[in-house]
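Enquirer: Following this line is target28.txt, made up of compact mmCIF, C-alpha atoms:
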```
# COMPACT_ATOMS: atom_id res chain seq x y z
CA LEU A 67 44.49 14.94 -11.43
CA ARG A 68 41.03 13.87 -10.28
CA ARG A 69 39.95 17.50 -10.07
CA CYS A 70 40.73 18.16 -13.76
CA LEU A 71 37.53 16.51 -14.99
CA ALA A 72 35.52 16.98 -11.79
CA PHE A 73 32.97 19.18 -13.58
CA VAL A 74 32.04 16.53 -16.14
CA ASP A 75 28.76 14.72 -15.48
CA MET A 76 29.98 11.23 -16.38
CA ARG A 77 26.83 9.55 -15.12
CA HIS A 78 24.73 11.57 -17.59
CA LEU A 79 27.09 10.58 -20.41
CA GLU A 80 27.05 6.89 -19.47
CA GLU A 81 23.26 6.90 -19.17
CA SER A 82 22.71 8.64 -22.50
CA PHE A 83 25.15 6.26 -24.24
CA GLN A 84 23.30 3.25 -22.81
CA GLY A 85 20.29 4.52 -24.76
CA ILE A 86 21.97 3.91 -28.12
CA LYS A 87 24.52 1.22 -27.21
CA ARG A 88 22.40 -1.74 -28.31
CA ALA A 89 21.54 -0.15 -31.64
CA ILE A 90 25.19 0.69 -32.30
CA GLN A 91 26.50 -2.71 -31.26
CA ALA A 92 23.84 -4.42 -33.40
CA LYS A 93 25.61 -2.90 -36.44
CA ASP A 94 28.97 -4.37 -35.40
CA THR A 95 29.92 -6.90 -38.04
CA PHE A 96 32.99 -8.24 -36.19
CA PRO A 97 31.80 -8.97 -32.67
CA ASN A 98 34.86 -11.05 -31.77
CA ILE A 99 37.34 -8.25 -32.39
CA THR A 100 37.93 -5.33 -30.03
CA ILE A 101 39.42 -1.90 -30.75
CA LEU A 102 40.11 -0.71 -27.21
CA SER A 103 41.88 -4.02 -26.74
CA THR A 104 40.47 -5.67 -23.75
CA ALA A 105 39.17 -3.81 -20.75
CA GLU A 106 42.10 -5.39 -18.95
CA THR A 107 44.45 -3.24 -21.03
CA LEU A 108 42.75 -0.08 -19.75
CA ARG A 109 42.62 -1.52 -16.24
CA SER A 110 46.37 -2.10 -16.34
CA ILE A 111 47.11 1.57 -17.05
CA LYS A 112 49.15 2.95 -14.16
CA PRO A 113 47.95 6.10 -12.34
CA VAL A 114 50.92 8.02 -13.66
CA ASP A 115 49.80 7.25 -17.23
CA VAL A 116 46.11 8.06 -16.76
CA CYS A 117 46.42 11.63 -18.01
CA CYS A 118 48.32 10.65 -21.15
CA VAL A 119 46.01 7.74 -22.04
CA THR A 120 42.94 9.88 -21.39
CA LYS A 121 44.22 12.61 -23.65
CA SER A 122 45.18 10.13 -26.38
CA LEU A 123 41.87 8.25 -26.35
CA LEU A 124 39.85 11.50 -26.29
CA GLU A 125 41.80 12.49 -29.40
CA PHE A 126 41.21 9.05 -30.95
CA TYR A 127 37.47 9.35 -30.53
CA MET A 128 37.29 12.97 -31.66
CA ASP A 129 39.72 12.78 -34.61
CA ARG A 130 38.71 9.37 -35.89
CA VAL A 131 35.63 7.67 -34.47
CA PHE A 132 33.07 10.47 -34.29
CA LYS A 133 34.20 11.84 -37.65
CA ASP A 134 34.20 8.47 -39.42
CA HIS A 135 30.88 7.26 -38.05
CA GLN A 136 27.98 8.00 -40.37
CA GLU A 137 24.81 8.30 -38.31
CA LEU A 138 21.31 8.95 -39.64
CA LYS A 139 19.03 8.43 -36.62
CA PRO A 140 18.44 11.80 -34.87
CA GLN A 141 18.46 10.30 -31.38
CA ALA A 142 21.81 8.57 -31.95
CA LEU A 143 23.13 11.71 -33.62
CA ARG A 144 22.17 13.77 -30.55
CA THR A 145 23.76 11.31 -28.14
CA ILE A 146 27.00 11.09 -30.12
CA SER A 147 27.07 14.89 -30.32
CA SER A 148 26.57 15.10 -26.58
CA VAL A 149 29.52 12.75 -25.97
CA ALA A 150 31.70 14.42 -28.61
CA ASN A 151 31.15 17.90 -27.18
CA SER A 152 31.74 16.62 -23.66
CA PHE A 153 35.00 15.06 -24.86
CA LEU A 154 35.96 18.41 -26.36
CA TYR A 155 35.26 20.06 -23.00
CA MET A 156 37.35 17.38 -21.24
CA GLN A 157 40.21 17.91 -23.68
CA LYS A 158 40.21 21.63 -22.86
CA ALA A 159 39.99 20.91 -19.13
CA LEU A 160 42.96 18.51 -19.37
CA GLN A 161 44.94 21.10 -21.33
CA GLN A 162 44.33 23.67 -18.58
CA CYS A 163 45.30 21.10 -15.99
CA GLN A 164 48.48 20.37 -17.89
CA VAL A 165 49.54 23.97 -17.48
CA GLN A 166 49.66 23.36 -13.75
CA ARG A 167 50.63 19.69 -13.86
CA ARG A 168 52.64 17.53 -16.25
CA CYS A 169 50.92 14.86 -18.35
CA PRO A 170 53.73 12.39 -18.98
CA CYS A 171 53.51 9.63 -21.60
CA SER A 172 55.47 6.52 -20.69
CA GLU A 173 56.42 3.97 -23.34
CA GLU A 174 53.75 1.68 -21.94
CA ALA A 175 51.05 4.32 -22.30
CA THR A 176 52.17 5.18 -25.82
CA ASN A 177 52.11 1.50 -26.79
CA ALA A 178 48.64 1.05 -25.32
CA THR A 179 47.18 3.85 -27.42
CA ARG A 180 49.15 2.88 -30.53
CA MET A 181 47.56 -0.57 -30.24
CA VAL A 182 44.13 1.06 -30.31
CA TYR A 183 44.99 2.93 -33.51
CA ASP A 184 46.47 -0.22 -35.04
CA ASN A 185 43.33 -2.20 -34.21
CA TYR A 186 41.26 0.56 -35.77
CA ASP A 187 43.29 0.63 -38.95
CA GLN A 188 42.95 -3.11 -39.48
CA LEU A 189 39.23 -2.75 -40.15
CA GLU A 190 37.42 -0.81 -42.83
CA VAL A 191 36.63 2.66 -41.60
CA PRO A 192 32.84 2.30 -41.18
CA SER A 193 33.23 -1.00 -39.32
CA ALA A 194 36.04 0.33 -37.16
CA ALA A 195 34.09 3.48 -36.27
CA THR A 196 30.96 1.53 -35.41
CA LYS A 197 32.91 -0.95 -33.28
CA SER A 198 34.79 1.79 -31.43
CA LEU A 199 31.52 3.59 -30.77
CA GLY A 200 30.08 0.37 -29.38
CA GLU A 201 32.99 0.17 -26.94
CA LEU A 202 32.51 3.74 -25.72
CA ASP A 203 31.02 2.56 -22.43
CA VAL A 204 34.34 0.84 -21.59
CA PHE A 205 36.19 4.13 -22.03
CA LEU A 206 33.50 6.20 -20.22
CA ALA A 207 33.61 3.85 -17.24
CA TRP A 208 37.41 4.01 -17.20
CA ILE A 209 37.32 7.84 -17.23
CA ALA A 210 34.75 7.91 -14.41
CA LYS A 211 36.85 5.52 -12.34
CA ASN A 212 40.14 7.33 -12.88
CA HIS A 213 39.06 10.95 -12.90
CA GLN A 214 36.28 11.35 -10.44
CA LYS A 215 35.92 11.05 -6.71
CA THR A 216 33.22 8.55 -5.98
CA SER A 217 30.51 10.78 -4.40
CA PRO A 218 28.92 9.13 -1.36
CA ALA A 219 25.31 9.69 -2.47
CA ASP B 232 12.13 28.74 -56.08
CA GLY B 233 9.49 29.12 -53.36
CA VAL B 234 12.26 28.97 -50.74
CA ALA B 235 13.15 32.62 -51.09
CA ALA B 236 9.45 33.63 -50.92
CA LEU B 237 9.15 32.53 -47.30
CA PRO B 238 10.97 35.02 -45.01
CA ALA B 239 13.39 33.61 -42.49
CA PRO B 240 12.81 34.11 -38.76
CA GLN B 241 14.66 37.09 -37.26
CA ASN B 242 16.05 38.29 -33.92
CA LEU B 243 17.19 34.95 -32.54
CA SER B 244 18.32 34.97 -28.92
CA VAL B 245 18.69 32.57 -26.03
CA HIS B 246 17.20 33.20 -22.60
CA SER B 247 18.85 30.93 -20.06
CA ILE B 248 17.90 30.82 -16.40
CA ASN B 249 18.91 28.08 -13.96
CA MET B 250 20.20 25.84 -16.75
CA LYS B 251 16.92 26.03 -18.72
CA HIS B 252 17.77 27.36 -22.16
CA LEU B 253 15.04 28.88 -24.32
CA LEU B 254 15.73 29.89 -27.91
CA ILE B 255 13.33 32.64 -29.05
CA TRP B 256 12.83 34.52 -32.32
CA SER B 257 10.48 36.93 -34.02
CA PRO B 258 7.62 35.02 -35.67
CA VAL B 259 7.08 35.04 -39.42
CA VAL B 260 3.61 36.52 -39.82
CA LEU B 261 1.64 35.68 -43.00
CA PRO B 262 -2.07 36.50 -43.12
CA GLU B 263 -4.26 33.42 -42.74
CA GLU B 264 -1.28 31.11 -42.92
CA LYS B 265 0.02 28.71 -40.29
CA VAL B 266 3.81 28.91 -40.17
CA TYR B 267 5.88 26.26 -38.41
CA TYR B 268 9.56 26.29 -37.51
CA SER B 269 12.45 23.86 -37.46
CA VAL B 270 15.40 24.21 -35.09
CA GLU B 271 18.83 22.63 -35.45
CA TYR B 272 22.05 22.91 -33.45
CA GLN B 273 25.77 22.33 -33.73
CA GLY B 274 28.14 21.96 -30.79
CA GLU B 275 31.68 23.22 -30.95
CA TYR B 276 32.76 19.69 -31.85
CA GLU B 277 30.63 19.69 -34.98
CA SER B 278 31.71 23.16 -35.98
CA LEU B 279 35.38 22.14 -35.65
CA TYR B 280 35.32 18.55 -36.96
CA THR B 281 32.13 17.98 -39.00
CA SER B 282 30.95 21.45 -39.91
CA ASP B 283 28.44 20.25 -42.48
CA ILE B 284 26.48 18.37 -39.80
CA TRP B 285 23.59 20.09 -38.04
CA ILE B 286 21.50 18.14 -35.55
CA PRO B 287 17.70 18.38 -35.31
CA SER B 288 16.62 19.79 -31.95
CA LYS B 289 15.06 17.16 -29.72
CA TRP B 290 11.80 19.02 -29.20
CA CYS B 291 11.56 21.42 -32.14
CA SER B 292 12.17 19.64 -35.42
CA ARG B 293 8.74 21.04 -36.31
CA THR B 294 7.21 23.47 -33.86
CA GLU B 295 4.64 26.23 -33.83
CA GLY B 296 7.17 28.49 -32.09
CA PRO B 297 8.33 31.20 -31.88
CA GLU B 298 10.38 29.58 -29.13
CA CYS B 299 12.15 26.30 -28.46
CA ASP B 300 13.39 24.69 -25.25
CA VAL B 301 16.91 23.63 -26.23
CA THR B 302 17.91 22.49 -22.75
CA ASP B 303 18.14 18.83 -23.80
CA ASP B 304 20.21 19.78 -26.84
CA ILE B 305 22.84 21.82 -24.96
CA THR B 306 24.45 19.02 -22.96
CA ALA B 307 28.10 20.09 -22.76
CA THR B 308 29.82 23.23 -21.52
CA VAL B 309 31.06 24.33 -24.95
CA PRO B 310 29.69 26.95 -27.38
CA TYR B 311 26.66 25.84 -29.43
CA SER B 312 25.42 27.32 -32.68
CA LEU B 313 21.65 27.31 -33.21
CA ARG B 314 19.59 27.94 -36.35
CA VAL B 315 15.90 28.23 -37.20
CA ARG B 316 13.94 28.24 -40.42
CA ALA B 317 10.26 28.72 -41.22
CA ILE B 318 8.08 26.04 -42.81
CA LEU B 319 4.86 26.70 -44.72
CA GLY B 320 3.44 23.65 -46.38
CA SER B 321 6.22 22.43 -48.67
CA GLN B 322 8.07 25.72 -48.56
CA THR B 323 11.00 26.35 -46.24
CA SER B 324 12.77 29.63 -45.61
CA ALA B 325 16.50 30.20 -45.43
CA TRP B 326 18.12 29.36 -42.11
CA SER B 327 18.65 32.10 -39.56
CA ILE B 328 21.64 31.45 -37.31
CA LEU B 329 22.07 32.73 -33.75
CA GLU B 330 24.52 35.59 -33.96
CA GLN B 331 26.71 34.53 -31.03
CA PRO B 332 27.15 30.82 -30.15
CA PHE B 333 25.58 30.03 -26.77
CA ASN B 334 27.50 28.45 -23.88
CA ARG B 335 25.50 27.18 -20.92
CA ASN B 336 28.08 28.57 -18.52
CA SER B 337 26.41 31.95 -19.12
CA THR B 338 23.11 30.84 -17.64
CA ILE B 339 21.61 33.13 -14.98
CA LEU B 340 21.61 31.43 -11.57
CA THR B 341 18.99 32.72 -9.12
CA PRO B 342 19.04 32.19 -5.36
CA PRO B 343 17.03 29.03 -4.67
CA GLY B 344 13.58 29.09 -3.15
CA MET B 345 13.51 27.42 0.28
CA GLU B 346 11.00 26.55 2.97
CA ILE B 347 12.10 26.33 6.59
CA SER B 348 9.99 24.33 9.02
CA LYS B 349 10.08 22.83 12.53
CA ASP B 350 9.39 19.21 13.11
CA GLY B 351 9.27 19.17 16.88
CA PHE B 352 12.74 20.37 17.82
CA HIS B 353 14.13 19.57 14.38
CA LEU B 354 15.03 22.36 11.95
CA VAL B 355 14.06 21.18 8.47
CA ILE B 356 14.68 22.77 5.07
CA GLU B 357 13.16 21.99 1.70
CA LEU B 358 14.79 23.58 -1.32
CA GLU B 359 13.33 24.33 -4.72
CA ASP B 360 13.74 21.41 -7.14
CA LEU B 361 15.80 22.94 -9.96
CA GLY B 362 16.72 19.71 -11.69
CA PRO B 363 19.49 17.11 -11.61
CA GLN B 364 22.31 19.55 -12.39
CA PHE B 365 21.77 21.41 -9.10
CA GLN B 366 23.18 20.95 -5.61
CA PHE B 367 22.81 23.46 -2.77
CA LEU B 368 25.03 24.90 -0.09
CA VAL B 369 22.98 25.59 3.05
CA ALA B 370 24.38 27.81 5.82
CA TYR B 371 22.64 27.79 9.20
CA TRP B 372 23.39 29.19 12.60
CA ARG B 373 21.89 29.92 15.98
CA ARG B 374 21.35 33.63 16.34
CA GLU B 375 23.40 34.58 19.40
CA PRO B 376 26.66 36.44 20.00
CA ASP B 377 29.81 34.74 18.61
CA THR B 378 27.72 32.13 16.94
CA LYS B 379 29.34 29.63 14.60
CA GLU B 380 27.93 29.18 11.10
CA HIS B 381 27.41 25.60 9.92
CA ALA B 382 27.32 24.50 6.30
CA LYS B 383 25.77 21.50 4.58
CA VAL B 384 25.69 20.42 0.92
CA VAL B 385 22.25 19.23 -0.12
CA ARG B 386 22.40 17.12 -3.25
CA ARG B 387 18.81 17.53 -4.44
CA GLY B 388 15.91 19.90 -4.12
CA GLY B 389 12.31 18.99 -3.53
CA ILE B 390 12.90 16.82 -0.45
CA PRO B 391 12.89 17.82 3.26
CA VAL B 392 16.35 17.74 4.84
CA HIS B 393 17.09 17.81 8.55
CA LEU B 394 19.60 20.48 9.51
CA GLU B 395 19.77 20.71 13.26
CA THR B 396 18.13 19.75 16.52
CA MET B 397 17.10 23.04 18.11
CA GLU B 398 17.00 24.11 21.72
CA PRO B 399 13.82 25.78 22.96
CA GLY B 400 13.85 29.57 23.14
CA ALA B 401 16.67 29.95 20.60
CA LEU B 402 16.38 31.52 17.16
CA TYR B 403 17.84 29.59 14.26
CA CYS B 404 18.60 31.18 10.85
CA VAL B 405 19.21 29.66 7.43
CA LYS B 406 20.28 30.78 3.95
CA ALA B 407 21.12 28.78 0.80
CA GLN B 408 22.79 29.08 -2.60
CA ALA B 409 22.56 26.89 -5.70
CA LEU B 410 25.66 25.09 -7.05
CA VAL B 411 26.03 23.81 -10.62
CA LYS B 412 29.09 21.58 -10.95
CA ALA B 413 28.73 21.18 -14.70
CA ILE B 414 29.59 24.84 -15.20
CA GLY B 415 31.54 25.40 -11.99
CA ARG B 416 29.33 28.25 -10.78
CA ASN B 417 26.97 29.09 -7.94
CA SER B 418 24.10 31.51 -7.34
CA ALA B 419 23.98 34.28 -4.78
CA PHE B 420 22.67 33.34 -1.34
CA SER B 421 18.97 33.46 -0.73
CA GLN B 422 17.49 35.76 1.84
CA THR B 423 17.94 34.54 5.40
CA LYS B 424 14.98 32.93 7.10
CA CYS B 425 14.76 32.32 10.86
CA VAL B 426 12.60 30.16 13.12
CA GLU B 427 12.30 29.79 16.86
CA VAL B 428 11.18 26.89 19.01
CA GLN B 429 8.80 27.99 21.73
CA GLY B 430 9.48 27.15 25.35
CA GLU B 431 12.11 28.13 27.90
CA ALA B 432 15.74 27.71 27.26
CA LEU B 433 17.08 24.61 29.02
CA PRO B 434 19.19 25.33 32.18
CA LEU B 435 22.93 25.04 31.50
```
In structure tokens, how does this file's structure come out?
Expert:
Amino acid sequence: LRRCLAFVDMRHLEESFQGIKRAIQAKDTFPNITILSTAETLRSIKPVDVCCVTKSLLEFYMDRVFKDHQELKPQALRTISSVANSFLYMQKALQQCQVQRRCPCSEEATNATRMVYDNYDQLEVPSAATKSLGELDVFLAWIAKNHQKTSPA
Amino acid sequence: DGVAALPAPQNLSVHSINMKHLLIWSPVVLPEEKVYYSVEYQGEYESLYTSDIWIPSKWCSRTEGPECDVTDDITATVPYSLRVRAILGSQTSAWSILEQPFNRNSTILTPPGMEISKDGFHLVIELEDLGPQFQFLVAYWRREPDTKEHAKVVRRGGIPVHLETMEPGALYCVKAQALVKAIGRNSAFSQTKCVEVQGEALPL
């Protein structure tokens, strides 16, 4: 499965997100709440569920977060667009991979992503979108860890 | 109603070589007037999910044109729509949109430039610095019957890289191609270059 997203430059995505992270998180009105649950939840995802959770969270960000977030600053708009279009590319790459390989969703994986949606729906849309955007680095790091060989140099 | 008076730029196209993407168009020519241009883009995500959103180009929200380096705008391997309009004082023209969306996987990849040198008995290569998206596959061999070709991936251009310790009197040859992981493509191989270390071949 690691080869499915091998062509995605995760480091570039993580670096460009770092550029707007502080500004996004500064707008978070509920700092004590988390949408992606805790990082531990993502860390506890089993290898067999990685494909399903990746697909579900890509969908979550594309269908909900990026659409719901209202952004005015051009630099943030460009960065979010860069991530959104990279997620779209990843979604396509995963779909092609699925043709060759199954992408099973266990009950555990389904519950993990349903919790994310439930957390999202408990907040007002603008707040939820801003918070989820502020947690993007957690998801990006998780993708990099689970989908890419660590290159020696 | 001045908007209609200012003609829109025409003949938009993208020239893309080695992952550098240049949007060009025919200038709007008005006697004794200075016309500026504004460029915006939309990735496939925006066209599918938020089609009313267009994003100002990083370098050309107001440019003298008639070209714009959109390399820093095209950051994913999906189709991008691009549009340009003319600006004259407070007037703006209609938008002209690139006829076919542009995908960076169509960029032209040229064989990389390379310099071969000898550092004593060491065979050293320095490849053209084409930017962070590029790696290189270097093939090198000792020119003799039944020789075996060696390969090495070089992760960056612009720095000398040691390939092999040479034996005197032997001819060593090298060629290289550029690799771009982000689009899953590579260039053709460069021309082969050979060097020889003077002196007599060592006794076996």
Enquirer: Compute the set of chain B residues within 10 Å of chain A, using all atoms listed in the file, and express it as JSON, numbers by chain.
Expert: {"B": [272, 273, 274, 275, 276, 277, 280, 281, 284, 285, 286, 287, 288, 289, 303, 304, 305, 306, 307, 308, 309, 310, 311, 363, 364, 386, 411, 412, 413, 414, 415]}
Enquirer: Nearest to Glu375 in chain B: which of B:Ile356, B:Cys404, B:Leu243, B:Ala317 is it, counting only C-alpha atoms?
Expert: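 Looking at the shortest contact to Glu375 in chain B, the residue is B:Cys404.
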Enquirer: Select, from A:Leu108, A:Leu138, A:Leu199, A:Val119, the residue with the minimum atom-to-atom distance to Ala92 in chain A, counting all atoms listed in the file.
Expert: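 Going through A:Leu108, A:Leu138, A:Leu199, A:Val119 one by one, the smallest distance to Ala92 in chain A is for A:Leu199.
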Enquirer: Name all residues at most 7 Å from Asn417 in chain B (count all atoms listed in the file; drop same-chain ones fewer than 6 positions away) and give them as a PyMOL selection string.
Expert: chain B and resi 340+408-411
Enquirer: Using only C-alpha atoms, which residues sit within 8 Å of Tyr371 in chain B once same-chain residues fewer than 3 positions away are excluded, as an MDAnalysis selection string?
Expert: chainID B and resid 380:382 394 403:406
Enquirer: Looking at A:Gln157, A:Gln162, A:Asn212, A:Gln188, which one is nearest to Ser122 in chain A, with distances taken over only C-alpha atoms?
Expert: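 For Ser122 in chain A, the nearest of the given residues is A:Gln157.
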Enquirer: Counting all atoms listed in the file, what is within 8 Å of Val266 in chain B, bar same-chain residues fewer than 3 positions away, as a PDB file with C-alpha atoms, keeping the file's coordinate frame?
Expert:
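The resulting file, part.pdb, is shown below:
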```
ATOM      1  CA  VAL B 259       7.080  35.040 -39.420  1.00  0.00           C
ATOM      2  CA  VAL B 260       3.610  36.520 -39.820  1.00  0.00           C
ATOM      3  CA  LEU B 261       1.640  35.680 -43.000  1.00  0.00           C
ATOM      4  CA  GLU B 295       4.640  26.230 -33.830  1.00  0.00           C
ATOM      5  CA  ALA B 317      10.260  28.720 -41.220  1.00  0.00           C
ATOM      6  CA  ILE B 318       8.080  26.040 -42.810  1.00  0.00           C
ATOM      7  CA  LEU B 319       4.860  26.700 -44.720  1.00  0.00           C
TER       8      LEU B 319
END
```
Enquirer: Just the number, please: distance in Å from CA of Lys197 in chain A to CA of Leu160 in chain A, one decimal.
Expert: 25.9 Å
Enquirer: Which of these residues is nearest to Leu102 in chain A, using all atoms listed in the file: A:Glu137, A:His213, A:Phe126, A:Phe83?
Expert: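 Residue with the minimum atom-to-atom distance to Leu102 in chain A: A:Phe126.
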Enquirer: CA of Lys139 in chain A and CA of Ala89 in chain A, how far apart in Å?
Expert: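 Answer for the CA of Ala89 in chain A to CA of Lys139 in chain A separation: 10.2 Å.
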Enquirer: Figure out the distance between CA of Val131 in chain A and CA of Thr196 in chain A, please, to one decimal in Å.
Expert: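 The value is 7.8 Å.
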Enquirer: Could you check which of B:Ser327, B:Asn336, B:Leu313, B:Asp283 is closest to Lys251 in chain B, using only C-alpha atoms?
Expert: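 For Lys251 in chain B, the nearest of the given residues is B:Asn336.
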Enquirer: Given all atoms listed in the file as the basis, pick out the residue of B:Val245, B:Ala236, B:Val270, B:Val385 nearest to Asn334 in chain B.
Expert: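 Of B:Val245, B:Ala236, B:Val270, B:Val385, the one nearest Asn334 in chain B is B:Val245, counting all atoms listed in the file.
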Enquirer: Can you pull out every residue within 10 Å of Lys87 in chain A, counting only C-alpha atoms, but drop anything in the same chain fewer than 6 positions away, and send it as a list in words?
Expert: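 Listed by chain and then number, they are Glu80, Glu81, Ala142, Leu199, Gly200, Glu201, Leu202 and Asp203 of chain A.
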Enquirer: Quick one: residues within 8 Å of Val384 in chain B, all atoms listed in the file, excluding same-chain residues fewer than 6 positions away - as number ranges by chain?
Expert: B: 366-369
